[in-house]
Amino acid sequence: MRRFSTGISILLVWVLLGITFSACEENVNPFREEARYFTLFGALDMNADSQFVRVSPIRQEVDFDEGGPIDAVLTTFDLTDGSILPWTDSLFTFDDGSQGHVFFAPLRIQPGHTYRIEVERSDGIIASAETTVPALPVPVVDPVSDAGSLFITQSVRWLGVEYDPFNVETYYRFLTAPGAPFTDVAVEYDPANRSPDTANGWRIQVDLSSDKDKIIEVVPQPGNLTFMGIGMGITVLDDQFDPPGGRFDPEVLVQPGVFSNVENGFGFVGAMGRFTVEWIIPDDIVRNLGYVPPQQNP
Amino acid sequence: MRLSHFSTLSVLLLSLSLLCIETATGQTATIRGFVTDGGDGRPMEGVNVVVTDGSGDLVGSATDADGFYIIRRLTPGTYSFRASFIGYISVEETLTLGADQIITKNVTLNFDEANMDEVVVEGERQGGGARVTAGLQTIRPQDMELVPAPDVSADLVNYLTTLPGVVSSGDRGGQLFIRGGEPTQNLVELDGMLIYQPFHIIGFYSAFPADIVRTSDVYAGGFGAKYGGRLSSVIDVASRNGNNRRFGGAFTVAPFVSTGLLEGPLIRNKASFIVSVRESVIKQGAAKLIDEELPFEFGDAFGKLHFVLGANSQASFSAIRTHDRGVIGGTGTEIDIDDPEQQQIDWTNTALGARFIVLPSALPIFAEIKLSYSILDQEFGIIGDPNRTTDVGRFNGSADLTYFAGAAEVGWGLFLRTSTLENNLGGQFQNVTSQKEFITEAGAYIEPTFKTNSGFKINPGVRLHAFPSKGKQFLEPRLRVFYETGPHTISAASGIYHQEIVGLNDRRDAGNVYTAWTSSPLGLVPRAIHVIGGYQYSGASGIDFSAEGFYKDLKELVIPEWSAFPRFSVNVQPADGQAIGFDVRAGYEKDFFKGFLSYGWSKVDYEATGDVIPLWFESVTQEFSPAHDRRHQVSALGAVEFAGFELSTRWQYGSGLPFNESVGFDTFVLINGENDVRTDPGTLRVLYGAPYTGRLPTYHRLDVSLNKTFKLSGASATIQAGAINIYDRSNLFFLDLFTLQRTDQLPLIPSLGLKLEF
């Protein structure tokens with residue numbers, strides 16, 4: 001009898017426990033509430049007459065249709081001269097068939113000016129980013145340093161460039177045969193080739209001798225190259241245009257909040273400009289480098 | 001330094017050999033042997049064997065799980081020998097021992113019908129959930145049978161999930177995290193055969209049904225020098241021998257599995273067999289009961305031959321094969337594992353093993369020689385065209401010897417292993433090379449046990465584990481200490497552990513348990529330090545109590561990086577970690593009632609140290625709680641016999657597990673000074689922040705079963721009615737962040753099972 005009553009008691013305890021918890025379900029919200037509303041990606045271009053910024057709403061549906069209407073108005077505020085410019089929304093269809101809202105405006109950004117890019121929702125919520133356009137760079141090409149013809153170098157100083165320039169390349173133009181089209185070769189320089197210059201800028205060392213080794217690897221007929229010209233291109237970036245680790249590695253930069261300057265949102269809006277300079281190298285140096293000076297070409 | 005490790009161990013082993021020779025020439029006698037049950041010929045554990053000399057002085061020993069006993073240092077003369085076990089008819093004999101004589105005295109005890117009830121009670125008192133010392137708990141079939149399950153036969157894993165410190169992935173996936181360790185850091189062996197992925201895809205079942213298990217030693221940490229190569233825990237399962245007196249068997253039908261077991265003598269009293277087969281019937285059973293697709297299929301087959309070769313030697317041959325397949329992270333009627341286009345996980349364990357027990361006639365040594373070959377074949381993807389595969393195999397040869405030297409026992413052993421590891425990762429772990437690897441391991445250990453009359457038992461050890469093919473070797477000191485006084489036992493354990501062969505798994509995807517077994521990548525060798533301290537009370541009044549604290553320091557783990565790109569192909573990165581916690585257990589067992597209540601608290605922290613961490617988080621390391629960091633666990637288990645019924649209940653509670661929260665989704669466009677937002681469509685991005693910041697809801701569930709056994713002529717039938725998740729709690733298993741579809745653990749499933757035994 002005692003066993004029976006104990007058994008029944010235990011069963012009752014569990015039944016009561018079961019009734020207490022019966023069919024309860026706790027929902028889980030996988031989304032963390034943060035005051036972030038839009039993702040902005042774009043680079044204001046110092047060389048362009050029109051600017052473009054991609055705007056994506058931050059959403060909680062994975063299959064969100066970006067081709068639909070967007071509740072956003074984009075405006076730029078030139079914080080230097082106080083001018084305000086509303087942008088126009090446009091729906092771009094990309095090669096893969098997907099769509100996205102790219103806002104644009106006829107705007108030539110001014111060196112040294114700070115722009116505030118605001119995206120506002122109809123309820124007044126704003127996501128914004130600020131960027132200060134770099135100063136216009138002034139290139140100064142120093143004379144060739146002919147160190148006994150083995151290591152011929154030349155410095156190009158870019159005055160007014162405040163931050164480490166990006167995508168630094170030296171362009172070479174050759175004629176490989178009479179009547180043939182020009183052959184252009186771009187030699188990319190890594191950060192080891194540049195250093196801050198004492199006179200407010202960056203100094204890029206052009207390794208004319210080392211570059212030749214790279215050139216003959218890529219030119220189809222490197223035996224008799226007529227040297228037609230040389231130039232350099234750099235991209236100047238604003239102070240925030242500086243990815244962690246110094247590389248634009250998407251596996252790194254995709255991490256939300258990394259390389260981001262958007263308040264109340266994610267993404268990055270910066271300012272940049274691509275600038276080039278061309279110069280002439282004396283014929284004797286051209287010969288020392290192993291090229292044919294242009295006037296010797298029949 | 002490397003040479004000196006080998007030298008140290010060689011000197012120790014040589015000294016032991018010399019000691020053995022010296023002992024053999026001593027002037028004392030030894031008596032030893034095996035005790036078996038007269039009913040079925042199986043070894044009996046815990047039998048008291050004593051000898052009494054003419055002056056009444058008594059010396060004794062208790063049999064171990066093999067039924068082995070040994071009594072040493074007996075002065076030559078005449079003794080009264082007695083082997084007794086409550087409920088069995090004692091065997092008494094007079095023996096005359098000469099100088100230097102080693103007598104093997106095997107004993108068969110026969111059941112005493114008059115004390116049947118007492119036997120049952122006392123037999124079960126060997127186990128109990130609250131009996132844990134220095135991280136070790138020995139689980140027996142009768143323990144497993146306390147836990148309600150949707151099957152008439154019990155299973156080891158169902159019991160393991162009631163233990164504090166054991167975090168289960170739930171009803172789906174078959175993953176056990178023991179005291180902060182990952183599933184691939186558990187060493188799971190059956191009769192010395194490594195089982196790579198031993199737990200079935202449904203959380204109630206493993207490769208170890210209670211019907212084939214003799215004992216299972218579960219070290220939640222702090223394991224001794226006999227074990228190595230894994231970082232966290234050991235589950236050492238010993239199967240039982242078949243009945244070598246008469247044929248028997250059992251068949252069950254239930255909504256989840258149907259089983260069959262046959263056993264009997266091959267040569268009466270000399271050789272036996274046991275064969276067990278289980279196959280899931282979920283599709284035909286449980287799924288129909290709840291009218292919901294349960295996309296799982298599994299089964300296992302086990303066979304063992306046991307031979308008594310002579311008075312001093314035994315041999316057994318075991319084989320096991322398990323298979324599992326299914327869709328873990330999904331639910332709904334659209335999932336069909338027979339659909340050739342359905343992505344699913346599929347794995348098969350196969351293992352063969354031989355075990356020889358030898359008592360050398362001239363030496364007081366218990367020698368165990370084991371040979372085994374284990375295979376795991378695993379696939380993830382479409383059947384016939386999987387995008388990830390793993391094929392691993394391991395041959396193991398080992399010799400474990402115990403030398404009995406008076407109050408001390410010295411365990412030592414040697415092992416040699418070769419593993420073949422072949423993975424086709426399908427790009428899952430981008431910085432891990434998919435290649436076929438051959439790894440050789442060799443080593444030795446020594447592990448003496450010293451006992452004092454004051455109740456101390458000290459078990460120091462050292463293990464040398466070398467990987468000649470990789471030029472690596474590790475010297476691992478271990479220590480286990482016990483102090484027993486009356487019903488009180490204080491215990492502690494510590495040790496250093498390494499794991500060169502690791503299992504890589506992306507825990508971000510709870511719905512996929514695909515695991516790649518490889519030599520540890522990134523040039524790292526994961527290592528751990530364990531520290532355990534505990535207290536146990538085992539009272540004669542039927543009350544058991546234990547409290548134990550633990551700390552595991554984990555270094556050089558290899559974990560996946562995170563990526564905001566919506567994919568599961570990532571790099572792996574190094575991480576350190578630590579697990580700290582304690583658990584409290586209480587058991588009560590009297591007459592018709594058994595109860596077990598436990599609470600466990602633990603905290604697991606990982607600290608990722610990958611190259612990308614400083615770039616993302618502006619700190620050298622990123623601390624987070626991994627997906628198995630369950631802080632609080634409560635388990636209540638009760639079984640009562642009344643009116644001829646056995647009622648078993650289990651209630652479990654677990655606080656929420658960590659998961660990755662996100663802010664939402666957006667479109668990522670690489671801005672690098674060259675890209676044009678007018679032409680780059682961008683990539684969908686998951687806006688993860690720091691890893692595992694969220695917590696899933698708490699988990700709790702009540703399972704009940706009611707059994708009634710009917711005696712038939714020469715057989716018995718047990719009918720079981722029960723239900724899992726009796727209050728139909730929606731316990732979340734997996735939330736798909738992209739579809740927001742939740743996959744819950746199993747709902748309320750009633751069950752009705754039948755078991756026929758003969």
# chains A, B, ... in the order shown; residues from 1 in each chain; ligands from 1

$ interface_residues --of "chain B" --to "chain A" --cutoff "6 Å" --atoms "only C-alpha atoms" --output "VMD selection string"
chain B and resid 564 615 to 616 640 642 661 to 666 672 681 687 727 to 730 738

$ write_last_selection --atoms "N, CA and C atoms" --output "compact mmCIF listing (two decimals), in the first residue's frame"
# COMPACT_ATOMS: atom_id res chain seq x y z
N ALA B 564 30.77 37.08 -41.97
CA ALA B 564 29.47 37.71 -42.18
C ALA B 564 28.91 37.33 -43.55
N LEU B 615 42.07 42.80 -36.27
CA LEU B 615 41.51 43.64 -37.31
C LEU B 615 40.03 43.88 -37.09
N TRP B 616 39.37 42.90 -36.52
CA TRP B 616 37.92 43.02 -36.32
C TRP B 616 37.56 43.67 -35.00
N VAL B 640 10.00 4.16 -9.20
CA VAL B 640 9.31 3.51 -8.08
C VAL B 640 8.61 2.26 -8.59
N PHE B 642 5.53 -0.19 -7.87
CA PHE B 642 4.30 -0.30 -7.10
C PHE B 642 3.28 -1.13 -7.89
N GLU B 661 23.77 36.15 -32.46
CA GLU B 661 22.74 37.12 -32.79
C GLU B 661 23.20 37.94 -33.99
N SER B 662 22.27 38.56 -34.65
CA SER B 662 22.67 39.52 -35.69
C SER B 662 21.78 40.74 -35.61
N VAL B 663 22.22 41.80 -36.23
CA VAL B 663 21.40 43.01 -36.30
C VAL B 663 20.42 42.88 -37.45
N GLY B 664 20.76 42.05 -38.40
CA GLY B 664 19.91 41.86 -39.57
C GLY B 664 20.76 41.52 -40.77
N PHE B 665 20.31 41.97 -41.92
CA PHE B 665 21.03 41.71 -43.16
C PHE B 665 21.20 43.01 -43.93
N ASP B 666 22.24 43.07 -44.70
CA ASP B 666 22.38 44.18 -45.62
C ASP B 666 23.14 43.69 -46.85
N ASN B 672 37.19 49.84 -52.31
CA ASN B 672 38.65 49.73 -52.26
C ASN B 672 39.35 50.75 -53.16
N PRO B 681 27.20 44.37 -57.76
CA PRO B 681 25.90 44.11 -57.11
C PRO B 681 26.00 43.92 -55.60
N LEU B 687 24.63 40.55 -40.44
CA LEU B 687 25.24 41.58 -39.59
C LEU B 687 25.52 41.03 -38.18
N TYR B 727 4.82 17.26 -21.28
CA TYR B 727 4.02 18.49 -21.32
C TYR B 727 4.28 19.29 -22.60
N ASP B 728 4.82 18.59 -23.58
CA ASP B 728 4.94 19.11 -24.95
C ASP B 728 5.62 20.48 -25.00
N ARG B 729 6.69 20.56 -24.30
CA ARG B 729 7.48 21.79 -24.31
C ARG B 729 8.15 21.97 -25.68
N SER B 730 8.06 23.15 -26.24
CA SER B 730 8.74 23.43 -27.51
C SER B 730 10.17 23.88 -27.20
N PHE B 738 18.34 32.59 -41.50
CA PHE B 738 17.96 33.11 -42.81
C PHE B 738 16.47 32.96 -43.07

$ residues_around --residues "Val286 in chain A" --least-positions-apart "2" --cutoff "12 Å" --atoms "only C-alpha atoms" --output "PDB file with C-alpha atoms, in the first residue's frame"
ATOM      1  CA  VAL A 144      67.223  60.621 -62.012  1.00  0.00           C
ATOM      2  CA  ASP A 146      72.154  57.251 -61.849  1.00  0.00           C
ATOM      3  CA  SER A 149      73.764  52.355 -64.031  1.00  0.00           C
ATOM      4  CA  ILE A 152      68.842  53.693 -61.398  1.00  0.00           C
ATOM      5  CA  THR A 153      66.120  55.310 -59.354  1.00  0.00           C
ATOM      6  CA  TYR A 172      55.731  52.707 -68.991  1.00  0.00           C
ATOM      7  CA  PHE A 174      57.074  51.182 -75.282  1.00  0.00           C
ATOM      8  CA  LEU A 208      63.729  52.149 -62.945  1.00  0.00           C
ATOM      9  CA  SER A 209      66.231  49.278 -62.992  1.00  0.00           C
ATOM     10  CA  LYS A 212      62.785  46.705 -66.148  1.00  0.00           C
ATOM     11  CA  LEU A 225      62.081  48.115 -76.502  1.00  0.00           C
ATOM     12  CA  THR A 226      61.848  51.730 -77.578  1.00  0.00           C
ATOM     13  CA  PHE A 227      61.127  53.835 -74.528  1.00  0.00           C
ATOM     14  CA  MET A 228      58.235  56.159 -75.375  1.00  0.00           C
ATOM     15  CA  GLY A 229      57.240  57.543 -72.006  1.00  0.00           C
ATOM     16  CA  ILE A 230      56.851  57.170 -68.257  1.00  0.00           C
ATOM     17  CA  ILE A 280      60.773  62.558 -69.531  1.00  0.00           C
ATOM     18  CA  ILE A 281      63.873  60.546 -68.854  1.00  0.00           C
ATOM     19  CA  PRO A 282      67.123  61.643 -70.504  1.00  0.00           C
ATOM     20  CA  ASP A 283      68.265  59.489 -73.406  1.00  0.00           C
ATOM     21  CA  ASP A 284      71.531  58.441 -71.756  1.00  0.00           C
ATOM     22  CA  ASN A 288      71.700  52.805 -69.435  1.00  0.00           C
ATOM     23  CA  LEU A 289      68.459  51.094 -68.583  1.00  0.00           C
ATOM     24  CA  GLY A 290      68.765  49.013 -71.722  1.00  0.00           C
ATOM     25  CA  TYR A 291      65.987  50.638 -73.683  1.00  0.00           C
ATOM     26  CA  VAL A 292      66.204  52.427 -77.015  1.00  0.00           C
ATOM     27  CA  PRO A 293      65.626  56.197 -76.837  1.00  0.00           C
ATOM     28  CA  PRO A 294      62.659  57.267 -78.962  1.00  0.00           C
ATOM     29  CA  GLN A 295      64.606  59.420 -81.446  1.00  0.00           C
ATOM     30  CA  GLN A 296      66.832  56.481 -82.384  1.00  0.00           C
TER      31      GLN A 296
END

$ closest_atom_pairs --of "range 349-383 of chain B" --to "range 513-523 of chain B" --cutoff "9 Å" --atoms "only C-alpha atoms" --output "CSV"
residue,atom,partner,partner_atom,distance
B:Gln378,CA,B:Tyr514,CA,7.5
B:Glu379,CA,B:Tyr514,CA,7.4
B:Phe380,CA,B:Tyr514,CA,6.5

$ select_by_dssp --residues "range 136-230 of chain A" --states "strand (DSSP E or B)" --output "PyMOL selection string"
chain A and resi 138-141+145-147+151-159+166-175+183-188+194-197+201-207+226-230

$ select_by_dssp --residues "range 13-89 of chain A" --states "helix (DSSP H, G or I)" --output "PDB file with N, CA and C atoms, in the first residue's frame"
ATOM      1  N   VAL A  13       3.089  14.519  -8.626  1.00  0.00           N
ATOM      2  CA  VAL A  13       4.044  15.629  -8.639  1.00  0.00           C
ATOM      3  C   VAL A  13       4.443  15.969 -10.069  1.00  0.00           C
ATOM      4  N   TRP A  14       4.714  14.932 -10.816  1.00  0.00           N
ATOM      5  CA  TRP A  14       5.127  15.168 -12.205  1.00  0.00           C
ATOM      6  C   TRP A  14       3.987  15.728 -13.049  1.00  0.00           C
ATOM      7  N   VAL A  15       2.806  15.216 -12.785  1.00  0.00           N
ATOM      8  CA  VAL A  15       1.655  15.719 -13.550  1.00  0.00           C
ATOM      9  C   VAL A  15       1.461  17.208 -13.268  1.00  0.00           C
ATOM     10  N   LEU A  16       1.581  17.584 -11.975  1.00  0.00           N
ATOM     11  CA  LEU A  16       1.452  19.000 -11.625  1.00  0.00           C
ATOM     12  C   LEU A  16       2.538  19.817 -12.297  1.00  0.00           C
ATOM     13  N   LEU A  17       3.745  19.252 -12.282  1.00  0.00           N
ATOM     14  CA  LEU A  17       4.856  19.929 -12.940  1.00  0.00           C
ATOM     15  C   LEU A  17       4.553  20.094 -14.426  1.00  0.00           C
ATOM     16  N   GLY A  18       3.993  19.044 -14.972  1.00  0.00           N
ATOM     17  CA  GLY A  18       3.658  19.075 -16.394  1.00  0.00           C
ATOM     18  C   GLY A  18       2.616  20.135 -16.697  1.00  0.00           C
ATOM     19  N   ILE A  19       1.588  20.206 -15.823  1.00  0.00           N
ATOM     20  CA  ILE A  19       0.545  21.214 -16.040  1.00  0.00           C
ATOM     21  C   ILE A  19       1.145  22.615 -15.949  1.00  0.00           C
ATOM     22  N   THR A  20       2.067  22.764 -14.998  1.00  0.00           N
ATOM     23  CA  THR A  20       2.692  24.084 -14.814  1.00  0.00           C
ATOM     24  C   THR A  20       3.401  24.540 -16.082  1.00  0.00           C
ATOM     25  N   PHE A  21       4.111  23.606 -16.689  1.00  0.00           N
ATOM     26  CA  PHE A  21       4.915  23.990 -17.853  1.00  0.00           C
ATOM     27  C   PHE A  21       4.216  23.673 -19.173  1.00  0.00           C
TER      28      PHE A  21
END
